[in-house]
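Enquirer: For reference, this is query.txt, and it has compact mmCIF, C-alpha atoms and all ligand atoms.
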# COMPACT_ATOMS: atom_id res chain seq x y z
CA MET K 1 35.05 151.52 73.93
CA ARG K 2 35.93 152.29 77.52
CA PHE K 3 38.74 154.77 78.06
CA TYR K 4 40.73 155.16 81.22
CA LEU K 5 43.05 158.13 81.52
CA ALA K 6 45.87 157.18 83.85
CA GLU K 7 47.83 159.80 85.77
CA ASP K 8 51.10 158.05 84.98
CA TYR K 9 52.69 154.72 84.07
CA LYS K 10 52.28 153.36 87.58
CA GLU K 11 48.56 153.97 87.57
CA LEU K 12 48.24 152.53 84.06
CA SER K 13 50.04 149.37 85.20
CA ARG K 14 47.94 149.00 88.32
CA LYS K 15 44.68 149.49 86.48
CA ALA K 16 45.67 146.98 83.78
CA ALA K 17 46.70 144.38 86.37
CA ARG K 18 43.37 144.90 88.19
CA ILE K 19 41.47 144.23 84.98
CA ILE K 20 43.33 140.95 84.50
CA PHE K 21 42.78 140.11 88.15
CA SER K 22 39.03 140.55 87.86
CA GLN K 23 38.96 138.57 84.61
CA VAL K 24 40.66 135.65 86.34
CA ALA K 25 38.68 136.01 89.56
CA LEU K 26 35.43 135.79 87.58
CA LYS K 27 36.70 133.01 85.30
CA PRO K 28 39.63 131.06 86.78
CA LYS K 29 39.99 129.10 83.52
CA SER K 30 40.48 132.26 81.49
CA VAL K 31 42.45 132.28 78.28
CA LEU K 32 44.68 135.36 78.28
CA GLY K 33 46.39 136.88 75.26
CA LEU K 34 49.64 138.53 76.31
CA ALA K 35 52.00 141.13 74.90
CA THR K 36 55.68 141.86 75.43
CA GLY K 37 57.72 145.06 75.02
CA SER K 38 58.15 147.92 77.51
CA THR K 39 54.50 148.83 77.98
CA PRO K 40 53.23 145.78 79.93
CA LEU K 41 56.31 145.42 82.17
CA GLY K 42 54.72 147.43 85.01
CA MET K 43 51.48 145.46 84.61
CA TYR K 44 53.37 142.17 85.01
CA ARG K 45 55.11 143.51 88.13
CA GLU K 46 51.72 144.47 89.58
CA LEU K 47 50.27 141.07 88.68
CA VAL K 48 53.08 139.31 90.54
CA LYS K 49 52.34 141.53 93.53
CA ILE K 50 48.63 140.69 93.37
CA TYR K 51 49.52 136.99 93.01
CA ARG K 52 51.59 137.15 96.20
CA GLU K 53 49.39 139.39 98.31
CA GLU K 54 45.91 138.47 97.19
CA LYS K 55 46.35 134.87 96.18
CA LEU K 56 45.51 135.21 92.50
CA SER K 57 46.08 131.77 91.03
CA PHE K 58 47.29 131.20 87.49
CA SER K 59 47.01 127.42 87.77
CA ASP K 60 44.00 127.07 85.47
CA ILE K 61 44.88 129.92 83.13
CA LYS K 62 46.00 129.41 79.56
CA THR K 63 48.09 132.07 77.85
CA PHE K 64 48.80 132.87 74.22
CA ASN K 65 51.45 135.43 73.38
CA LEU K 66 50.93 137.73 70.45
CA ASP K 67 54.22 137.12 68.75
CA GLU K 68 57.78 135.84 68.68
CA TYR K 69 60.78 136.85 66.64
CA TYR K 70 61.87 134.53 63.85
CA ARG K 71 64.41 132.93 64.02
CA ILE K 72 65.26 133.04 67.67
CA SER K 73 65.81 130.35 70.28
CA LYS K 74 63.91 130.16 73.58
CA GLU K 75 67.20 130.55 75.47
CA ASN K 76 68.01 133.83 73.74
CA PRO K 77 67.41 136.63 76.31
CA GLN K 78 65.85 138.72 73.52
CA SER K 79 63.22 136.10 72.74
CA TYR K 80 59.70 136.72 73.92
CA TYR K 81 59.70 133.24 75.43
CA TYR K 82 62.56 134.38 77.67
CA TYR K 83 60.89 137.74 78.38
CA MET K 84 57.64 136.13 79.54
CA HIS K 85 59.40 133.72 81.89
CA LYS K 86 61.66 136.44 83.23
CA ASN K 87 58.90 138.98 83.86
CA LEU K 88 55.90 136.86 84.80
CA PHE K 89 55.86 133.10 84.48
CA GLN K 90 58.76 132.30 86.82
CA TYR K 91 56.94 134.04 89.69
CA VAL K 92 53.47 132.53 89.39
CA ASP K 93 51.86 129.08 89.54
CA ILE K 94 51.10 128.81 85.84
CA ASP K 95 51.40 125.32 84.36
CA GLU K 96 54.12 125.29 81.66
CA LYS K 97 51.82 123.26 79.40
CA ASN K 98 49.29 126.11 79.45
CA ILE K 99 51.81 128.62 78.07
CA ASN K 100 51.66 129.22 74.33
CA ILE K 101 54.16 131.31 72.40
CA PRO K 102 54.86 130.91 68.67
CA ASP K 103 57.95 128.76 68.10
CA GLY K 104 60.67 131.13 66.94
CA GLU K 105 62.64 128.20 65.55
CA ALA K 106 59.87 126.37 63.73
CA LYS K 107 61.10 124.69 60.55
CA ASP K 108 57.66 124.55 59.01
CA ILE K 109 56.46 128.13 59.46
CA GLU K 110 53.09 127.65 57.84
CA GLY K 111 52.47 124.55 59.94
CA GLU K 112 53.44 126.44 63.08
CA CYS K 113 51.04 129.29 62.26
CA MET K 114 48.20 126.85 61.66
CA ARG K 115 49.02 124.93 64.84
CA TYR K 116 48.91 128.19 66.81
CA GLU K 117 45.50 129.10 65.46
CA GLU K 118 44.23 125.57 66.24
CA GLU K 119 45.52 125.76 69.81
CA ILE K 120 43.66 129.03 70.34
CA LEU K 121 40.49 127.46 68.99
CA LYS K 122 40.95 124.32 71.12
CA ALA K 123 41.31 126.54 74.20
CA GLY K 124 37.93 128.07 73.35
CA GLY K 125 39.28 131.38 72.05
CA ILE K 126 40.95 134.24 73.88
CA ASP K 127 38.91 135.84 76.67
CA LEU K 128 41.08 138.90 77.20
CA GLN K 129 43.84 140.07 74.86
CA VAL K 130 46.37 142.63 76.12
CA LEU K 131 47.92 144.86 73.47
CA GLY K 132 50.59 147.52 73.28
CA ILE K 133 50.84 149.77 70.25
CA GLY K 134 53.82 150.46 68.00
CA VAL K 135 54.83 154.02 67.11
CA ASN K 136 53.66 153.15 63.61
CA GLY K 137 50.30 151.93 64.86
CA HIS K 138 51.07 148.23 64.74
CA ILE K 139 49.44 145.72 67.09
CA GLY K 140 51.16 142.40 67.57
CA PHE K 141 53.62 142.61 64.71
CA ASN K 142 50.94 143.50 62.19
CA GLU K 143 52.72 146.29 60.41
CA PRO K 144 51.01 149.05 58.40
CA ASP K 145 49.50 147.86 55.12
CA LEU K 146 49.09 144.24 56.13
CA LYS K 147 45.67 142.91 55.39
CA PHE K 148 43.16 143.17 58.20
CA GLU K 149 41.98 139.62 57.58
CA ALA K 150 45.26 137.86 58.40
CA LEU K 151 45.47 135.02 60.92
CA THR K 152 48.77 134.00 62.58
CA HIS K 153 51.51 134.46 59.99
CA LEU K 154 55.14 135.28 59.33
CA VAL K 155 55.74 139.02 59.03
CA GLU K 156 58.58 141.17 57.78
CA LEU K 157 59.23 143.81 60.40
CA ASP K 158 59.06 147.46 59.46
CA GLU K 159 62.19 149.64 59.54
CA THR K 160 60.55 151.74 62.30
CA THR K 161 59.86 148.63 64.39
CA ILE K 162 63.40 147.32 63.96
CA LYS K 163 64.71 150.71 65.00
CA ALA K 164 62.35 150.99 67.98
CA ASN K 165 63.22 147.49 69.18
CA SER K 166 66.97 147.90 68.71
CA ARG K 167 67.05 149.33 72.24
CA PHE K 168 66.78 145.76 73.51
CA PHE K 169 69.64 144.47 71.32
CA GLU K 170 73.39 145.14 71.12
CA SER K 171 72.90 146.83 67.78
CA GLN K 172 70.21 147.40 65.17
CA GLU K 173 71.79 144.71 62.96
CA ARG K 174 71.05 142.12 65.65
CA VAL K 175 67.28 142.71 65.61
CA PRO K 176 65.57 139.87 63.74
CA THR K 177 63.83 141.17 60.64
CA ARG K 178 60.94 138.73 60.84
CA ALA K 179 58.46 137.48 63.41
CA ILE K 180 55.54 135.10 63.77
CA SER K 181 52.54 137.14 64.86
CA MET K 182 48.88 136.60 65.52
CA GLY K 183 47.04 138.33 62.71
CA ILE K 184 44.55 141.16 63.07
CA LYS K 185 41.76 138.66 62.59
CA THR K 186 43.08 136.49 65.43
CA ILE K 187 43.28 139.54 67.67
CA MET K 188 39.81 140.77 66.72
CA HIS K 189 38.31 137.37 67.60
CA SER K 190 39.25 137.90 71.27
CA ARG K 191 36.21 138.48 73.45
CA LYS K 192 37.77 141.48 75.20
CA ILE K 193 40.74 143.65 74.30
CA LEU K 194 42.82 145.78 76.63
CA LEU K 195 44.99 148.31 74.79
CA LEU K 196 47.75 150.06 76.72
CA ALA K 197 49.70 153.13 75.66
CA ASN K 198 52.12 155.27 77.60
CA GLY K 199 54.64 157.98 76.86
CA ALA K 200 54.80 160.85 74.41
CA GLU K 201 56.14 158.69 71.59
CA LYS K 202 52.74 156.96 71.34
CA VAL K 203 50.76 160.19 71.08
CA ASP K 204 50.20 160.08 67.31
CA ALA K 205 49.73 156.32 67.12
CA ILE K 206 46.99 156.33 69.75
CA LYS K 207 45.28 159.39 68.24
CA GLU K 208 45.21 157.78 64.80
CA ALA K 209 44.14 154.43 66.19
CA LEU K 210 41.19 155.71 68.19
CA GLU K 211 40.05 158.70 66.17
CA GLY K 212 41.46 158.29 62.68
CA GLU K 213 40.13 156.53 59.65
CA ILE K 214 39.99 152.74 59.91
CA LYS K 215 42.58 151.59 57.41
CA PRO K 216 45.33 148.94 57.12
CA GLN K 217 47.97 151.72 57.14
CA VAL K 218 47.09 152.11 60.83
CA PRO K 219 46.56 148.50 61.95
CA ALA K 220 45.33 149.49 65.44
CA SER K 221 42.50 151.55 63.92
CA ILE K 222 40.56 148.31 63.39
CA LEU K 223 40.12 148.17 67.16
CA GLN K 224 37.46 150.89 66.81
CA LEU K 225 35.24 148.09 65.51
CA HIS K 226 35.80 145.74 68.44
CA PRO K 227 32.68 145.37 70.61
CA ASN K 228 34.57 145.14 73.90
CA LEU K 229 37.63 147.37 73.87
CA THR K 230 39.16 149.01 76.93
CA VAL K 231 41.96 151.52 76.46
CA ILE K 232 44.24 152.68 79.24
CA ALA K 233 46.54 155.53 78.30
CA ASP K 234 48.63 157.82 80.43
CA LYS K 235 48.48 161.60 80.20
CA GLU K 236 51.47 161.85 77.88
CA ALA K 237 50.11 159.41 75.33
CA SER K 238 46.65 161.01 75.52
CA GLN K 239 47.74 164.58 74.81
CA LYS K 240 46.18 164.73 71.34
CA LEU K 241 43.02 162.78 72.08
CA SER K 242 39.80 164.75 71.88
CA SER K 243 37.79 165.32 75.03
CA SER K 244 34.98 163.14 73.68
CA ILE K 245 37.32 160.16 74.07
CA LYS K 246 38.97 161.29 77.28
CA ASN K 247 35.63 161.99 78.96
CA ARG K 248 34.21 158.56 78.30
CA LYS K 249 33.08 157.03 81.54
CA TYR K 250 35.01 154.06 82.72
CA ASN K 251 33.28 151.72 85.15
C1 LIG B 301 54.67 142.92 71.67
C2 LIG B 301 53.97 143.44 70.49
C3 LIG B 301 54.14 144.83 70.00
C4 LIG B 301 54.33 145.87 71.10
C5 LIG B 301 54.56 147.25 70.49
C6 LIG B 301 54.84 148.29 71.54
O1 LIG B 301 54.33 141.58 71.92
O2 LIG B 301 53.28 142.70 69.88
O3 LIG B 301 53.02 145.17 69.23
O4 LIG B 301 53.22 145.88 71.94
O5 LIG B 301 55.64 147.21 69.62
O6 LIG B 301 56.06 148.02 72.16
P1 LIG B 301 56.54 148.79 73.45
O7 LIG B 301 55.61 148.43 74.55
O8 LIG B 301 57.93 148.26 73.72
O9 LIG B 301 56.52 150.23 73.12
Please rewrite the model in this file as structure tokens.
Expert:
Amino acid sequence: MRFYLAEDYKELSRKAARIIFSQVALKPKSVLGLATGSTPLGMYRELVKIYREEKLSFSDIKTFNLDEYYRISKENPQSYYYYMHKNLFQYVDIDEKNINIPDGEAKDIEGECMRYEEEILKAGGIDLQVLGIGVNGHIGFNEPDLKFEALTHLVELDETTIKANSRFFESQERVPTRAISMGIKTIMHSRKILLLANGAEKVDAIKEALEGEIKPQVPASILQLHPNLTVIADKEASQKLSSSIKNRKYN
């Protein structure tokens, strides 16, 4: 694991965007796994800046998002489809056919989950997967206690997740209670993983994930076993991490 301690959210976002930039510069046909939520917003802003100022092209890139609410339409401003277009895709030269997000309105859920896994395989697997972390330690929408070996599947969202995500909705009742999410197994198959955490509310989740026991009650703890994990956390989120983690050299 490589650990990068960022001064603040701005630095975290810049560093994360730089990592994606170098991934794409070295492999223009990269397959990127993307996350939504508050954490990567700054990274997407930085990526758009790099795209404009340094001519980073997304034309050969394929993307796979981690998850989508179920049931939700693409036009719904709370959908992750909408989020990705609003915050990244509308600004860059990505080909719409290279964008993959689980269909939040799929009639045949099982079929949709299988199709998603097949698309990832057809693309040659994910080169670099970006992750945020939930306050309960979830990654994607893999909530505590879900089996580590799951592939893309329909999940019931945890109370804590519904509560945390209600900030994006008019009320908590409006938050969908289910989502289609890549499974832990799908995530772990990515060649590289970039985990981002900022803010004091992530302090326990990141501590447990990186230094706690590896167990399904803390889904992100499985990342300790990934051979190519980079973590970028800001000072607030890193407060409880031991110096042996914080002092790891990042090159
Ligand atoms: C988003 C996702 C989630 C979020 C996590 C943190 O696609 O899969 O795991 O990364 O809930 O969300 P924020 O960044 O809003 O704190």
Enquirer: All residues within 9 Å of ligand LIG 301 (chain B) are required, counting all atoms listed in the file; please report them as a count of residues only.
Expert: 38
Enquirer: Figure out the distance between atom CA of Leu157 of chain K and atom CA of Asn76 of chain K, please, to one decimal in Å.
Expert: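 Computing it gives 18.8 Å between the two atoms.
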Enquirer: Nearest residue to Glu11 of chain K out of K:Glu46, K:Leu56, K:Ala150, K:Pro216, using all atoms listed in the file?
Expert: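 Going through K:Glu46, K:Leu56, K:Ala150, K:Pro216 one by one, the smallest distance to Glu11 of chain K is for K:Glu46.
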Enquirer: Of the candidates K:Ala17, K:Ala200, K:Ile109, K:Ile120, which one gets nearest to Arg178 of chain K if we count only C-alpha atoms?
Expert: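 Under the stated criterion, the closest residue is K:Ile109.
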Enquirer: Atom CA of Lys29 of chain K to atom CA of Lys62 of chain K: how many Å, to one decimal?
Expert: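 Those two atoms sit 7.2 Å apart.
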Enquirer: For the atom pair atom CA of Ile19 of chain K and atom CA of Ala233 of chain K, what is the interatomic distance in Å to one decimal place?
Expert: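 Separation between atom CA of Ile19 of chain K and atom CA of Ala233 of chain K: 14.1 Å.
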Enquirer: Of the residues K:Leu5, K:Val92, K:Leu146, K:Ile193, which is the one nearest to Gln217 of chain K, using all atoms listed in the file?
Expert: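 That would be K:Leu146, the residue with the smallest distance to Gln217 of chain K.
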Enquirer: Give me, as a ChimeraX atom specification, all polymer residues having an atom no more than 12 Å from Ile20 of chain K, counting only C-alpha atoms and skipping those fewer than 5 positions away in the same chain.
Expert: /K:13-15,25-28,30-34,40,43-44,46-48,50-51,56-58,61,127-130,192-194,230
Enquirer: What's the 7 Å shell around Val203 of chain K, counting only C-alpha atoms, without same-chain residues fewer than 3 positions away, as a list in words?
Expert: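 Near neighbours after the sequence-gap exclusion: Ala200, Ile206, Lys207, Ala237, Ser238, Gln239 and Lys240 of chain K.
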Enquirer: Within 9 Å of Asn98 of chain K, counting only C-alpha atoms, which residues qualify if same-chain residues fewer than 2 places away don't, as a PyMOL selection string?
Expert: chain K and resi 59-64+94-96+100
Enquirer: Include C-alpha atoms and write out the residues we just selected as a PDB file, in the frame of the given file.
Expert:
ATOM      1  CA  SER K  59      47.010 127.420  87.770  1.00  0.00           C
ATOM      2  CA  ASP K  60      44.000 127.070  85.470  1.00  0.00           C
ATOM      3  CA  ILE K  61      44.880 129.920  83.130  1.00  0.00           C
ATOM      4  CA  LYS K  62      46.000 129.410  79.560  1.00  0.00           C
ATOM      5  CA  THR K  63      48.090 132.070  77.850  1.00  0.00           C
ATOM      6  CA  PHE K  64      48.800 132.870  74.220  1.00  0.00           C
ATOM      7  CA  ILE K  94      51.100 128.810  85.840  1.00  0.00           C
ATOM      8  CA  ASP K  95      51.400 125.320  84.360  1.00  0.00           C
ATOM      9  CA  GLU K  96      54.120 125.290  81.660  1.00  0.00           C
ATOM     10  CA  ASN K 100      51.660 129.220  74.330  1.00  0.00           C
TER      11      ASN K 100
END
Enquirer: Given the choices K:Lys55, K:Tyr82, K:Ser244, K:His189, which gets closest to Leu225 of chain K if the distance is worked out from only C-alpha atoms?
Expert: K:His189
Enquirer: Is it possible to get the residues within 10 Å of (35.4, 154.0, 77.4) (coordinates as in the file, counting all atoms listed in the file) written as a PyMOL selection string?
Expert: chain K and resi 1-5+228-232+244-251
Enquirer: With distances taken over only C-alpha atoms, which residue among K:Arg191, K:Ile126, K:Gly183, K:Ile72 lies nearest Lys147 of chain K?
Expert: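 Among the listed residues, K:Gly183 lies closest to Lys147 of chain K.
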Enquirer: For a quick check of understanding, using only C-alpha atoms, which of K:Ser166, K:Glu236, K:Arg115, K:Gln224 has the smallest distance to Glu211 of chain K?
Expert: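 Among K:Ser166, K:Glu236, K:Arg115, K:Gln224, it is K:Gln224 that comes nearest to Glu211 of chain K.
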